[in-house]
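S.K.: The file below is data.pdb, PDB, C-alpha atoms, pLDDT in the B column:
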ATOM      1  CA  MET A   1      86.596 141.958 123.793  1.00 87.00           C
ATOM      2  CA  ILE A   2      84.457 141.481 126.891  1.00 94.00           C
ATOM      3  CA  LEU A   3      81.115 141.098 125.108  1.00 95.00           C
ATOM      4  CA  GLU A   4      82.518 138.110 123.215  1.00 96.00           C
ATOM      5  CA  GLN A   5      82.953 136.304 126.529  1.00 97.00           C
ATOM      6  CA  PHE A   6      79.181 136.310 127.039  1.00 98.00           C
ATOM      7  CA  ARG A   7      78.471 134.526 123.756  1.00 98.00           C
ATOM      8  CA  LEU A   8      77.382 130.875 123.893  1.00 98.00           C
ATOM      9  CA  GLU A   9      77.666 129.810 120.253  1.00 97.00           C
ATOM     10  CA  ASN A  10      78.548 126.124 119.852  1.00 97.00           C
ATOM     11  CA  LYS A  11      77.621 125.444 123.481  1.00 98.00           C
ATOM     12  CA  VAL A  12      75.128 122.763 124.551  1.00 98.00           C
ATOM     13  CA  ALA A  13      72.992 123.303 127.646  1.00 99.00           C
ATOM     14  CA  ILE A  14      70.759 120.908 129.565  1.00 99.00           C
ATOM     15  CA  VAL A  15      67.925 122.813 131.257  1.00 98.00           C
ATOM     16  CA  THR A  16      65.569 120.894 133.537  1.00 98.00           C
ATOM     17  CA  GLY A  17      62.010 122.137 133.916  1.00 97.00           C
ATOM     18  CA  CYS A  18      62.343 124.013 130.624  1.00 97.00           C
ATOM     19  CA  SER A  19      58.720 124.110 129.478  1.00 95.00           C
ATOM     20  CA  THR A  20      57.332 126.783 131.826  1.00 95.00           C
ATOM     21  CA  GLY A  21      58.284 129.574 134.172  1.00 96.00           C
ATOM     22  CA  LEU A  22      61.869 130.214 135.200  1.00 97.00           C
ATOM     23  CA  GLY A  23      63.272 127.234 133.323  1.00 98.00           C
ATOM     24  CA  GLN A  24      61.672 128.383 130.091  1.00 98.00           C
ATOM     25  CA  GLY A  25      63.021 131.906 130.593  1.00 98.00           C
ATOM     26  CA  ILE A  26      66.521 130.552 131.240  1.00 98.00           C
ATOM     27  CA  ALA A  27      66.358 128.264 128.183  1.00 98.00           C
ATOM     28  CA  TYR A  28      65.305 131.247 126.063  1.00 98.00           C
ATOM     29  CA  GLY A  29      68.149 133.374 127.405  1.00 98.00           C
ATOM     30  CA  LEU A  30      70.813 130.734 126.779  1.00 98.00           C
ATOM     31  CA  ALA A  31      69.499 130.127 123.255  1.00 98.00           C
ATOM     32  CA  GLU A  32      69.412 133.873 122.551  1.00 98.00           C
ATOM     33  CA  ALA A  33      73.100 133.925 123.500  1.00 98.00           C
ATOM     34  CA  GLY A  34      73.765 131.112 121.023  1.00 98.00           C
ATOM     35  CA  ALA A  35      73.421 127.813 122.892  1.00 98.00           C
ATOM     36  CA  ASP A  36      71.649 124.678 121.729  1.00 98.00           C
ATOM     37  CA  ILE A  37      69.236 123.321 124.348  1.00 98.00           C
ATOM     38  CA  ALA A  38      68.371 119.881 125.680  1.00 98.00           C
ATOM     39  CA  GLY A  39      65.152 120.641 127.514  1.00 98.00           C
ATOM     40  CA  VAL A  40      63.938 118.294 130.240  1.00 98.00           C
ATOM     41  CA  TYR A  41      60.245 118.367 131.134  1.00 98.00           C
ATOM     42  CA  ASN A  42      57.633 116.229 132.872  1.00 96.00           C
ATOM     43  CA  THR A  43      53.996 117.350 132.636  1.00 90.00           C
ATOM     44  CA  THR A  44      53.767 120.431 130.389  1.00 89.00           C
ATOM     45  CA  ASP A  45      55.059 119.733 126.863  1.00 93.00           C
ATOM     46  CA  THR A  46      57.946 121.676 125.339  1.00 95.00           C
ATOM     47  CA  LEU A  47      56.289 122.721 122.069  1.00 96.00           C
ATOM     48  CA  GLU A  48      56.241 126.438 122.908  1.00 97.00           C
ATOM     49  CA  THR A  49      59.847 126.353 124.127  1.00 98.00           C
ATOM     50  CA  GLU A  50      60.968 124.368 121.091  1.00 97.00           C
ATOM     51  CA  ARG A  51      59.288 126.724 118.605  1.00 98.00           C
ATOM     52  CA  TYR A  52      60.916 129.782 120.145  1.00 98.00           C
ATOM     53  CA  ILE A  53      64.388 128.283 120.289  1.00 98.00           C
ATOM     54  CA  LYS A  54      64.278 126.871 116.761  1.00 98.00           C
ATOM     55  CA  LYS A  55      63.073 130.238 115.479  1.00 98.00           C
ATOM     56  CA  LEU A  56      66.356 131.626 116.808  1.00 98.00           C
ATOM     57  CA  GLY A  57      68.199 129.127 114.622  1.00 98.00           C
ATOM     58  CA  ARG A  58      69.292 126.997 117.556  1.00 98.00           C
ATOM     59  CA  ARG A  59      68.806 123.261 117.980  1.00 98.00           C
ATOM     60  CA  PHE A  60      66.427 121.855 120.598  1.00 98.00           C
ATOM     61  CA  LEU A  61      66.048 118.366 122.045  1.00 98.00           C
ATOM     62  CA  SER A  62      63.000 117.520 124.147  1.00 98.00           C
ATOM     63  CA  ILE A  63      63.523 114.948 126.919  1.00 98.00           C
ATOM     64  CA  LYS A  64      60.583 113.763 129.028  1.00 98.00           C
ATOM     65  CA  ALA A  65      61.591 112.681 132.525  1.00 98.00           C
ATOM     66  CA  ASN A  66      60.111 112.587 136.012  1.00 98.00           C
ATOM     67  CA  LEU A  67      62.907 113.789 138.276  1.00 98.00           C
ATOM     68  CA  ILE A  68      61.226 112.625 141.462  1.00 97.00           C
ATOM     69  CA  SER A  69      63.709 109.749 141.202  1.00 97.00           C
ATOM     70  CA  THR A  70      67.263 109.560 139.916  1.00 98.00           C
ATOM     71  CA  GLY A  71      66.258 106.921 137.361  1.00 98.00           C
ATOM     72  CA  PRO A  72      66.193 109.282 134.336  1.00 98.00           C
ATOM     73  CA  VAL A  73      69.641 110.810 134.996  1.00 98.00           C
ATOM     74  CA  HIS A  74      71.616 108.426 132.783  1.00 98.00           C
ATOM     75  CA  ASP A  75      69.066 108.700 129.968  1.00 98.00           C
ATOM     76  CA  ILE A  76      69.097 112.519 130.027  1.00 98.00           C
ATOM     77  CA  ILE A  77      72.869 112.611 129.717  1.00 98.00           C
ATOM     78  CA  GLU A  78      73.099 109.927 127.032  1.00 98.00           C
ATOM     79  CA  LYS A  79      70.333 111.431 124.884  1.00 98.00           C
ATOM     80  CA  THR A  80      72.030 114.810 125.021  1.00 98.00           C
ATOM     81  CA  LEU A  81      75.381 113.315 124.030  1.00 98.00           C
ATOM     82  CA  ASP A  82      73.821 111.211 121.267  1.00 98.00           C
ATOM     83  CA  ASN A  83      72.133 114.281 119.744  1.00 98.00           C
ATOM     84  CA  PHE A  84      74.715 117.006 120.317  1.00 98.00           C
ATOM     85  CA  GLY A  85      77.959 115.143 120.920  1.00 98.00           C
ATOM     86  CA  LYS A  86      78.859 117.055 124.079  1.00 98.00           C
ATOM     87  CA  ILE A  87      77.565 118.973 127.109  1.00 98.00           C
ATOM     88  CA  ASP A  88      78.832 122.396 128.204  1.00 98.00           C
ATOM     89  CA  ILE A  89      76.193 123.737 130.600  1.00 99.00           C
ATOM     90  CA  LEU A  90      73.778 122.183 133.109  1.00 99.00           C
ATOM     91  CA  VAL A  91      70.967 124.170 134.695  1.00 99.00           C
ATOM     92  CA  ASN A  92      69.277 122.379 137.605  1.00 98.00           C
ATOM     93  CA  ASN A  93      66.019 124.306 137.530  1.00 98.00           C
ATOM     94  CA  ALA A  94      63.287 121.674 137.967  1.00 97.00           C
ATOM     95  CA  GLY A  95      61.618 121.935 141.342  1.00 96.00           C
ATOM     96  CA  ILE A  96      58.347 121.702 143.225  1.00 96.00           C
ATOM     97  CA  ILE A  97      56.902 123.267 146.359  1.00 95.00           C
ATOM     98  CA  ARG A  98      54.380 122.015 148.914  1.00 95.00           C
ATOM     99  CA  ARG A  99      52.683 124.388 151.349  1.00 94.00           C
ATOM    100  CA  GLU A 100      51.450 123.327 154.785  1.00 96.00           C
ATOM    101  CA  GLU A 101      51.938 124.202 158.434  1.00 97.00           C
ATOM    102  CA  VAL A 102      54.848 122.399 160.097  1.00 98.00           C
ATOM    103  CA  ILE A 103      52.581 120.448 162.451  1.00 98.00           C
ATOM    104  CA  ASP A 104      50.585 119.066 159.516  1.00 98.00           C
ATOM    105  CA  PHE A 105      53.414 118.549 157.008  1.00 98.00           C
ATOM    106  CA  THR A 106      53.414 115.016 155.597  1.00 98.00           C
ATOM    107  CA  GLU A 107      56.321 112.695 154.956  1.00 98.00           C
ATOM    108  CA  LYS A 108      55.335 112.423 151.290  1.00 98.00           C
ATOM    109  CA  ASP A 109      55.406 116.199 150.839  1.00 98.00           C
ATOM    110  CA  TRP A 110      58.832 116.213 152.457  1.00 98.00           C
ATOM    111  CA  ASP A 111      60.244 113.375 150.332  1.00 98.00           C
ATOM    112  CA  ASP A 112      58.797 114.507 146.999  1.00 98.00           C
ATOM    113  CA  VAL A 113      60.258 118.004 147.288  1.00 98.00           C
ATOM    114  CA  MET A 114      63.638 116.866 148.589  1.00 98.00           C
ATOM    115  CA  ASN A 115      63.949 114.209 145.882  1.00 98.00           C
ATOM    116  CA  ILE A 116      63.321 116.571 142.963  1.00 98.00           C
ATOM    117  CA  ASN A 117      64.855 119.754 144.302  1.00 98.00           C
ATOM    118  CA  LEU A 118      67.996 118.315 145.864  1.00 98.00           C
ATOM    119  CA  LYS A 119      68.680 114.595 145.396  1.00 98.00           C
ATOM    120  CA  THR A 120      68.219 114.398 141.634  1.00 98.00           C
ATOM    121  CA  ALA A 121      69.994 117.729 141.196  1.00 98.00           C
ATOM    122  CA  PHE A 122      73.038 116.217 142.890  1.00 98.00           C
ATOM    123  CA  PHE A 123      73.109 113.032 140.837  1.00 98.00           C
ATOM    124  CA  LEU A 124      72.511 114.874 137.564  1.00 98.00           C
ATOM    125  CA  SER A 125      75.343 117.239 138.492  1.00 98.00           C
ATOM    126  CA  ARG A 126      77.587 114.288 139.300  1.00 98.00           C
ATOM    127  CA  GLY A 127      76.807 112.615 135.985  1.00 98.00           C
ATOM    128  CA  VAL A 128      77.383 115.760 133.955  1.00 99.00           C
ATOM    129  CA  ALA A 129      80.586 116.531 135.870  1.00 98.00           C
ATOM    130  CA  ARG A 130      81.907 113.125 134.819  1.00 98.00           C
ATOM    131  CA  VAL A 131      81.184 114.065 131.206  1.00 98.00           C
ATOM    132  CA  TYR A 132      83.010 117.381 131.654  1.00 98.00           C
ATOM    133  CA  ILE A 133      86.039 115.583 133.053  1.00 98.00           C
ATOM    134  CA  ARG A 134      86.099 113.175 130.092  1.00 98.00           C
ATOM    135  CA  GLN A 135      85.753 116.061 127.649  1.00 98.00           C
ATOM    136  CA  LYS A 136      88.712 117.860 129.313  1.00 98.00           C
ATOM    137  CA  LYS A 137      87.268 121.288 128.533  1.00 97.00           C
ATOM    138  CA  GLY A 138      85.641 122.211 131.827  1.00 98.00           C
ATOM    139  CA  GLY A 139      81.978 123.149 132.053  1.00 98.00           C
ATOM    140  CA  LYS A 140      79.270 125.028 133.919  1.00 98.00           C
ATOM    141  CA  ILE A 141      76.692 123.894 136.476  1.00 99.00           C
ATOM    142  CA  ILE A 142      74.022 126.386 137.549  1.00 99.00           C
ATOM    143  CA  ASN A 143      71.644 125.507 140.381  1.00 98.00           C
ATOM    144  CA  ILE A 144      68.413 127.424 140.782  1.00 98.00           C
ATOM    145  CA  ALA A 145      68.341 128.133 144.499  1.00 98.00           C
ATOM    146  CA  SER A 146      65.991 130.626 146.170  1.00 97.00           C
ATOM    147  CA  MET A 147      65.901 133.535 148.584  1.00 96.00           C
ATOM    148  CA  LEU A 148      64.839 130.738 150.969  1.00 97.00           C
ATOM    149  CA  SER A 149      68.387 129.444 150.661  1.00 98.00           C
ATOM    150  CA  PHE A 150      69.044 132.413 153.000  1.00 97.00           C
ATOM    151  CA  GLN A 151      65.749 132.744 154.880  1.00 96.00           C
ATOM    152  CA  GLY A 152      63.282 130.441 156.600  1.00 96.00           C
ATOM    153  CA  GLY A 153      59.960 131.345 155.043  1.00 94.00           C
ATOM    154  CA  ILE A 154      56.652 129.962 156.285  1.00 93.00           C
ATOM    155  CA  ARG A 155      54.556 126.885 155.411  1.00 94.00           C
ATOM    156  CA  VAL A 156      57.232 125.490 153.047  1.00 96.00           C
ATOM    157  CA  SER A 157      59.367 123.253 155.260  1.00 98.00           C
ATOM    158  CA  SER A 158      60.720 120.886 152.614  1.00 98.00           C
ATOM    159  CA  TYR A 159      61.181 123.647 150.029  1.00 98.00           C
ATOM    160  CA  THR A 160      63.264 125.754 152.422  1.00 98.00           C
ATOM    161  CA  ALA A 161      65.297 122.710 153.454  1.00 98.00           C
ATOM    162  CA  SER A 162      65.877 121.689 149.840  1.00 98.00           C
ATOM    163  CA  LYS A 163      66.899 125.161 148.670  1.00 98.00           C
ATOM    164  CA  SER A 164      69.195 125.622 151.662  1.00 98.00           C
ATOM    165  CA  GLY A 165      70.691 122.233 150.847  1.00 98.00           C
ATOM    166  CA  LEU A 166      71.093 123.217 147.206  1.00 98.00           C
ATOM    167  CA  MET A 167      73.170 126.224 148.242  1.00 98.00           C
ATOM    168  CA  GLY A 168      75.398 123.963 150.328  1.00 98.00           C
ATOM    169  CA  LEU A 169      75.615 121.546 147.411  1.00 98.00           C
ATOM    170  CA  THR A 170      76.669 124.398 145.141  1.00 98.00           C
ATOM    171  CA  ARG A 171      79.572 125.190 147.457  1.00 98.00           C
ATOM    172  CA  ILE A 172      80.849 121.654 147.882  1.00 98.00           C
ATOM    173  CA  LEU A 173      80.601 120.905 144.163  1.00 98.00           C
ATOM    174  CA  ALA A 174      82.516 124.111 143.470  1.00 98.00           C
ATOM    175  CA  ASN A 175      85.202 123.111 145.957  1.00 98.00           C
ATOM    176  CA  GLU A 176      85.699 119.640 144.511  1.00 98.00           C
ATOM    177  CA  LEU A 177      85.228 120.327 140.804  1.00 98.00           C
ATOM    178  CA  ALA A 178      87.132 123.597 140.343  1.00 98.00           C
ATOM    179  CA  LYS A 179      90.357 121.662 139.665  1.00 98.00           C
ATOM    180  CA  TYR A 180      88.664 120.321 136.506  1.00 98.00           C
ATOM    181  CA  GLN A 181      87.796 123.856 135.310  1.00 98.00           C
ATOM    182  CA  ILE A 182      84.170 123.250 136.251  1.00 98.00           C
ATOM    183  CA  ASN A 183      82.314 126.267 137.646  1.00 98.00           C
ATOM    184  CA  VAL A 184      79.372 125.597 139.950  1.00 99.00           C
ATOM    185  CA  ASN A 185      77.189 128.517 140.958  1.00 99.00           C
ATOM    186  CA  ALA A 186      73.575 129.264 141.823  1.00 98.00           C
ATOM    187  CA  ILE A 187      70.912 131.803 141.015  1.00 98.00           C
ATOM    188  CA  ALA A 188      68.641 132.731 143.919  1.00 98.00           C
ATOM    189  CA  PRO A 189      65.383 134.134 142.533  1.00 98.00           C
ATOM    190  CA  GLY A 190      63.104 136.201 144.711  1.00 97.00           C
ATOM    191  CA  TYR A 191      59.333 136.387 144.294  1.00 96.00           C
ATOM    192  CA  MET A 192      58.733 135.481 140.651  1.00 96.00           C
ATOM    193  CA  ILE A 193      55.586 135.247 138.538  1.00 95.00           C
ATOM    194  CA  THR A 194      55.330 131.483 138.030  1.00 91.00           C
ATOM    195  CA  ARG A 195      52.816 128.706 138.589  1.00 86.00           C
ATOM    196  CA  ASN A 196      54.384 127.983 141.978  1.00 83.00           C
ATOM    197  CA  THR A 197      53.560 131.478 143.230  1.00 89.00           C
ATOM    198  CA  ALA A 198      50.028 131.626 141.820  1.00 89.00           C
ATOM    199  CA  PRO A 199      48.396 131.028 145.255  1.00 88.00           C
ATOM    200  CA  LEU A 200      50.383 133.906 146.777  1.00 88.00           C
ATOM    201  CA  ARG A 201      49.566 136.285 143.946  1.00 94.00           C
ATOM    202  CA  ALA A 202      45.880 135.358 144.184  1.00 92.00           C
ATOM    203  CA  ASP A 203      45.842 136.318 147.874  1.00 91.00           C
ATOM    204  CA  LYS A 204      45.327 140.092 147.696  1.00 93.00           C
ATOM    205  CA  ILE A 205      46.584 140.776 151.206  1.00 94.00           C
ATOM    206  CA  ARG A 206      49.695 138.590 150.915  1.00 91.00           C
ATOM    207  CA  ASN A 207      50.422 139.875 147.410  1.00 95.00           C
ATOM    208  CA  LYS A 208      50.294 143.469 148.651  1.00 95.00           C
ATOM    209  CA  GLU A 209      52.561 142.677 151.623  1.00 94.00           C
ATOM    210  CA  ILE A 210      55.128 141.039 149.367  1.00 95.00           C
ATOM    211  CA  THR A 211      55.105 143.718 146.684  1.00 97.00           C
ATOM    212  CA  GLU A 212      55.500 146.510 149.224  1.00 96.00           C
ATOM    213  CA  ARG A 213      58.567 144.792 150.728  1.00 96.00           C
ATOM    214  CA  ILE A 214      60.368 144.405 147.369  1.00 97.00           C
ATOM    215  CA  PRO A 215      62.512 147.519 146.786  1.00 97.00           C
ATOM    216  CA  ALA A 216      61.965 147.210 143.013  1.00 98.00           C
ATOM    217  CA  GLY A 217      58.217 147.454 143.657  1.00 97.00           C
ATOM    218  CA  ARG A 218      57.242 144.479 141.508  1.00 97.00           C
ATOM    219  CA  TRP A 219      57.429 140.708 141.236  1.00 97.00           C
ATOM    220  CA  GLY A 220      60.135 139.294 138.985  1.00 98.00           C
ATOM    221  CA  THR A 221      59.531 137.520 135.682  1.00 97.00           C
ATOM    222  CA  PRO A 222      61.339 134.652 133.935  1.00 97.00           C
ATOM    223  CA  ASP A 223      62.958 137.212 131.631  1.00 97.00           C
ATOM    224  CA  ASP A 224      64.688 138.725 134.663  1.00 98.00           C
ATOM    225  CA  LEU A 225      66.816 135.575 135.008  1.00 98.00           C
ATOM    226  CA  LYS A 226      68.192 135.590 131.464  1.00 98.00           C
ATOM    227  CA  GLY A 227      71.141 137.874 132.166  1.00 98.00           C
ATOM    228  CA  ALA A 228      72.253 136.016 135.295  1.00 98.00           C
ATOM    229  CA  ALA A 229      71.983 132.655 133.529  1.00 98.00           C
ATOM    230  CA  VAL A 230      73.977 133.776 130.497  1.00 98.00           C
ATOM    231  CA  PHE A 231      76.664 135.310 132.725  1.00 98.00           C
ATOM    232  CA  LEU A 232      77.096 132.162 134.815  1.00 98.00           C
ATOM    233  CA  ALA A 233      76.999 129.922 131.719  1.00 98.00           C
ATOM    234  CA  SER A 234      79.599 131.931 129.836  1.00 98.00           C
ATOM    235  CA  ASP A 235      83.351 132.510 129.915  1.00 98.00           C
ATOM    236  CA  ALA A 236      82.654 135.888 131.521  1.00 98.00           C
ATOM    237  CA  SER A 237      82.206 134.076 134.853  1.00 98.00           C
ATOM    238  CA  LYS A 238      85.142 131.678 134.608  1.00 97.00           C
ATOM    239  CA  TYR A 239      86.565 132.917 137.950  1.00 98.00           C
ATOM    240  CA  VAL A 240      83.207 132.858 139.762  1.00 98.00           C
ATOM    241  CA  ASN A 241      82.700 129.668 141.746  1.00 98.00           C
ATOM    242  CA  GLY A 242      80.486 128.538 144.631  1.00 98.00           C
ATOM    243  CA  TYR A 243      78.432 131.736 144.639  1.00 98.00           C
ATOM    244  CA  ALA A 244      74.699 132.452 144.722  1.00 97.00           C
ATOM    245  CA  LEU A 245      73.601 135.410 142.617  1.00 98.00           C
ATOM    246  CA  ALA A 246      70.362 136.853 143.999  1.00 98.00           C
ATOM    247  CA  VAL A 247      67.849 138.066 141.409  1.00 98.00           C
ATOM    248  CA  ASP A 248      65.204 139.354 143.763  1.00 98.00           C
ATOM    249  CA  GLY A 249      64.543 143.042 143.137  1.00 98.00           C
ATOM    250  CA  GLY A 250      66.425 143.819 146.339  1.00 98.00           C
ATOM    251  CA  TRP A 251      64.376 141.583 148.680  1.00 97.00           C
ATOM    252  CA  LEU A 252      67.366 140.193 150.578  1.00 96.00           C
ATOM    253  CA  ALA A 253      68.845 143.672 150.996  1.00 95.00           C
ATOM    254  CA  ARG A 254      65.711 145.011 152.683  1.00 91.00           C
TER     255      ARG A 254
END
Mind converting the file's structure to structure tokens?
M.R.:
Amino acid sequence: MILEQFRLENKVAIVTGCSTGLGQGIAYGLAEAGADIAGVYNTTDTLETERYIKKLGRRFLSIKANLISTGPVHDIIEKTLDNFGKIDILVNNAGIIRREEVIDFTEKDWDDVMNINLKTAFFLSRGVARVYIRQKKGGKIINIASMLSFQGGIRVSSYTASKSGLMGLTRILANELAKYQINVNAIAPGYMITRNTAPLRADKIRNKEITERIPAGRWGTPDDLKGAAVFLASDASKYVNGYALAVDGGWLAR
């Protein structure tokens, strides 16, 4: 039956940036569908996420790591394998944004965003793909892209570049890994209520402009990503590869 294909019981998912915002919402959704979660975080602790997931009867592993470098990649993978014995799903959600006019944008703001949003996402994907190949059971990789994977935006040079790059990375990983029964896809959120968008939501004029342009008439929430994440993590999407699923209230269609 089709609904059975959406179930994630006995699956293990790594979710980066799991302690707040979109990553927390995705971790909740995967756990609600039955998955155990290895949650990667840096600054905000995972206590709230852990309590919720364990209340569901699922297992949770907290892994502290600063993904501004690729150094933690091996440790994240090995800790997950040591605790759960396997990996089935990877969600590359962790990301940062820096806002500044192009003419004043600094090299540090460029490098920091590109390192976390794109470079580490690639090397974590590569490491997990190697695990999938050894396990000989396929696997899922889900990258959290953005509507700025399709548009330019303003005052976010490195963020736009990184999210555009992440969409390209999704496609090439899908091309090369499909022969191992590994599905690589992306979710492209629109304007979401998170810490990253707090400055925009605090600006009454900009907030009004954005809300009026969204056909759904509201900003998205982390809960709005649960369905897309479960679909792309499950057997229901086993013939979906190299695609970006927009969850944006219709923004890109406008």
S.K.: What residues come out when you apply the PyMOL selection byres ((chain A and resi 249) around 10) to this file, written as a list in words?
M.R.: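 With the shown file as input, the PyMOL selection byres ((chain A and resi 249) around 10) matches Pro189, Gly190, Tyr191, Met192, Arg213, Ile214, Pro215, Ala216, Gly217, Arg218, Trp219, Gly220, Asp224, Ala246, Val247, Asp248, Gly250, Trp251, Leu252, Ala253 and Arg254 of chain A.
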S.K.: Report as a ChimeraX atom specification the full result of the PyMOL selection byres ((chain A and resi 135) around 12) when it is applied to this structure.
M.R.: /A:81,85-88,128-134,136-139,180-182
S.K.: Please write the residues picked by the PyMOL selection byres ((chain A and resi 232) around 9) on this file as a list in words.
M.R.: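 Applying the expression gives Lys140, Ile141, Ile142, Asn183, Val184, Asn185, Ala186, Ile187, Gly227, Ala228, Ala229, Val230, Phe231, Ala233, Ser234, Asp235, Ala236, Ser237, Lys238 and Val240 of chain A.
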S.K.: Which residue gives the smallest distance to Ile97 of chain A among A:Glu50, A:Asp112, A:Glu78, A:Asp45, with all atoms listed in the file counted?
M.R.: A:Asp112
S.K.: Quick one: residues within 12 Å of segment 68-74 of chain A, only C-alpha atoms, excluding same-chain residues fewer than 2 positions away - as a PyMOL selection string?
M.R.: chain A and resi 14+16+40-42+63-66+76-81+92+94-96+108-128+130-131
S.K.: May I ask for the distance between atom CA of Phe60 of chain A and atom CA of Leu245 of chain A, given in Å to one decimal place?
M.R.: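 Spanning atom CA of Phe60 of chain A to atom CA of Leu245 of chain A is a straight-line distance of 26.8 Å.
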S.K.: Can you measure atom CA of Phe84 of chain A to atom CA of Pro222 of chain A for me? One decimal in Å is fine.
M.R.: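 Interatomic distance here is 26.0 Å.
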S.K.: Rebuild segment 10-23 of chain A to N, CA and C atoms - output it as a JSON list (two decimals), in the coordinates of the input, please.
M.R.:
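Saved as part-v4.json:
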[["chain", "number", "residue", "atom", "x", "y", "z"],
["A", 10, "ASN", "N", 77.93, 127.45, 119.83],
["A", 10, "ASN", "CA", 78.55, 126.12, 119.85],
["A", 10, "ASN", "C", 78.57, 125.49, 121.24],
["A", 11, "LYS", "N", 77.77, 126.04, 122.16],
["A", 11, "LYS", "CA", 77.62, 125.44, 123.48],
["A", 11, "LYS", "C", 76.31, 124.65, 123.54],
["A", 12, "VAL", "N", 76.32, 123.60, 124.36],
["A", 12, "VAL", "CA", 75.13, 122.76, 124.55],
["A", 12, "VAL", "C", 74.73, 122.82, 126.02],
["A", 13, "ALA", "N", 73.48, 123.16, 126.27],
["A", 13, "ALA", "CA", 72.99, 123.30, 127.65],
["A", 13, "ALA", "C", 71.84, 122.35, 127.92],
["A", 14, "ILE", "N", 71.90, 121.65, 129.04],
["A", 14, "ILE", "CA", 70.76, 120.91, 129.56],
["A", 14, "ILE", "C", 70.04, 121.82, 130.55],
["A", 15, "VAL", "N", 68.73, 122.00, 130.35],
["A", 15, "VAL", "CA", 67.92, 122.81, 131.26],
["A", 15, "VAL", "C", 66.76, 121.96, 131.73],
["A", 16, "THR", "N", 66.70, 121.67, 133.02],
["A", 16, "THR", "CA", 65.57, 120.89, 133.54],
["A", 16, "THR", "C", 64.41, 121.83, 133.87],
["A", 17, "GLY", "N", 63.19, 121.31, 133.69],
["A", 17, "GLY", "CA", 62.01, 122.14, 133.92],
["A", 17, "GLY", "C", 61.93, 123.28, 132.93],
["A", 18, "CYS", "N", 62.16, 122.97, 131.65],
["A", 18, "CYS", "CA", 62.34, 124.01, 130.62],
["A", 18, "CYS", "C", 61.05, 124.49, 129.97],
["A", 19, "SER", "N", 59.93, 123.84, 130.27],
["A", 19, "SER", "CA", 58.72, 124.11, 129.48],
["A", 19, "SER", "C", 57.86, 125.25, 130.01],
["A", 20, "THR", "N", 58.11, 125.68, 131.24],
["A", 20, "THR", "CA", 57.33, 126.78, 131.83],
["A", 20, "THR", "C", 58.21, 127.62, 132.74],
["A", 21, "GLY", "N", 57.72, 128.78, 133.10],
["A", 21, "GLY", "CA", 58.28, 129.57, 134.17],
["A", 21, "GLY", "C", 59.75, 129.91, 134.04],
["A", 22, "LEU", "N", 60.47, 129.80, 135.15],
["A", 22, "LEU", "CA", 61.87, 130.21, 135.20],
["A", 22, "LEU", "C", 62.74, 129.39, 134.27],
["A", 23, "GLY", "N", 62.48, 128.09, 134.20],
["A", 23, "GLY", "CA", 63.27, 127.23, 133.32],
["A", 23, "GLY", "C", 63.12, 127.61, 131.87]]
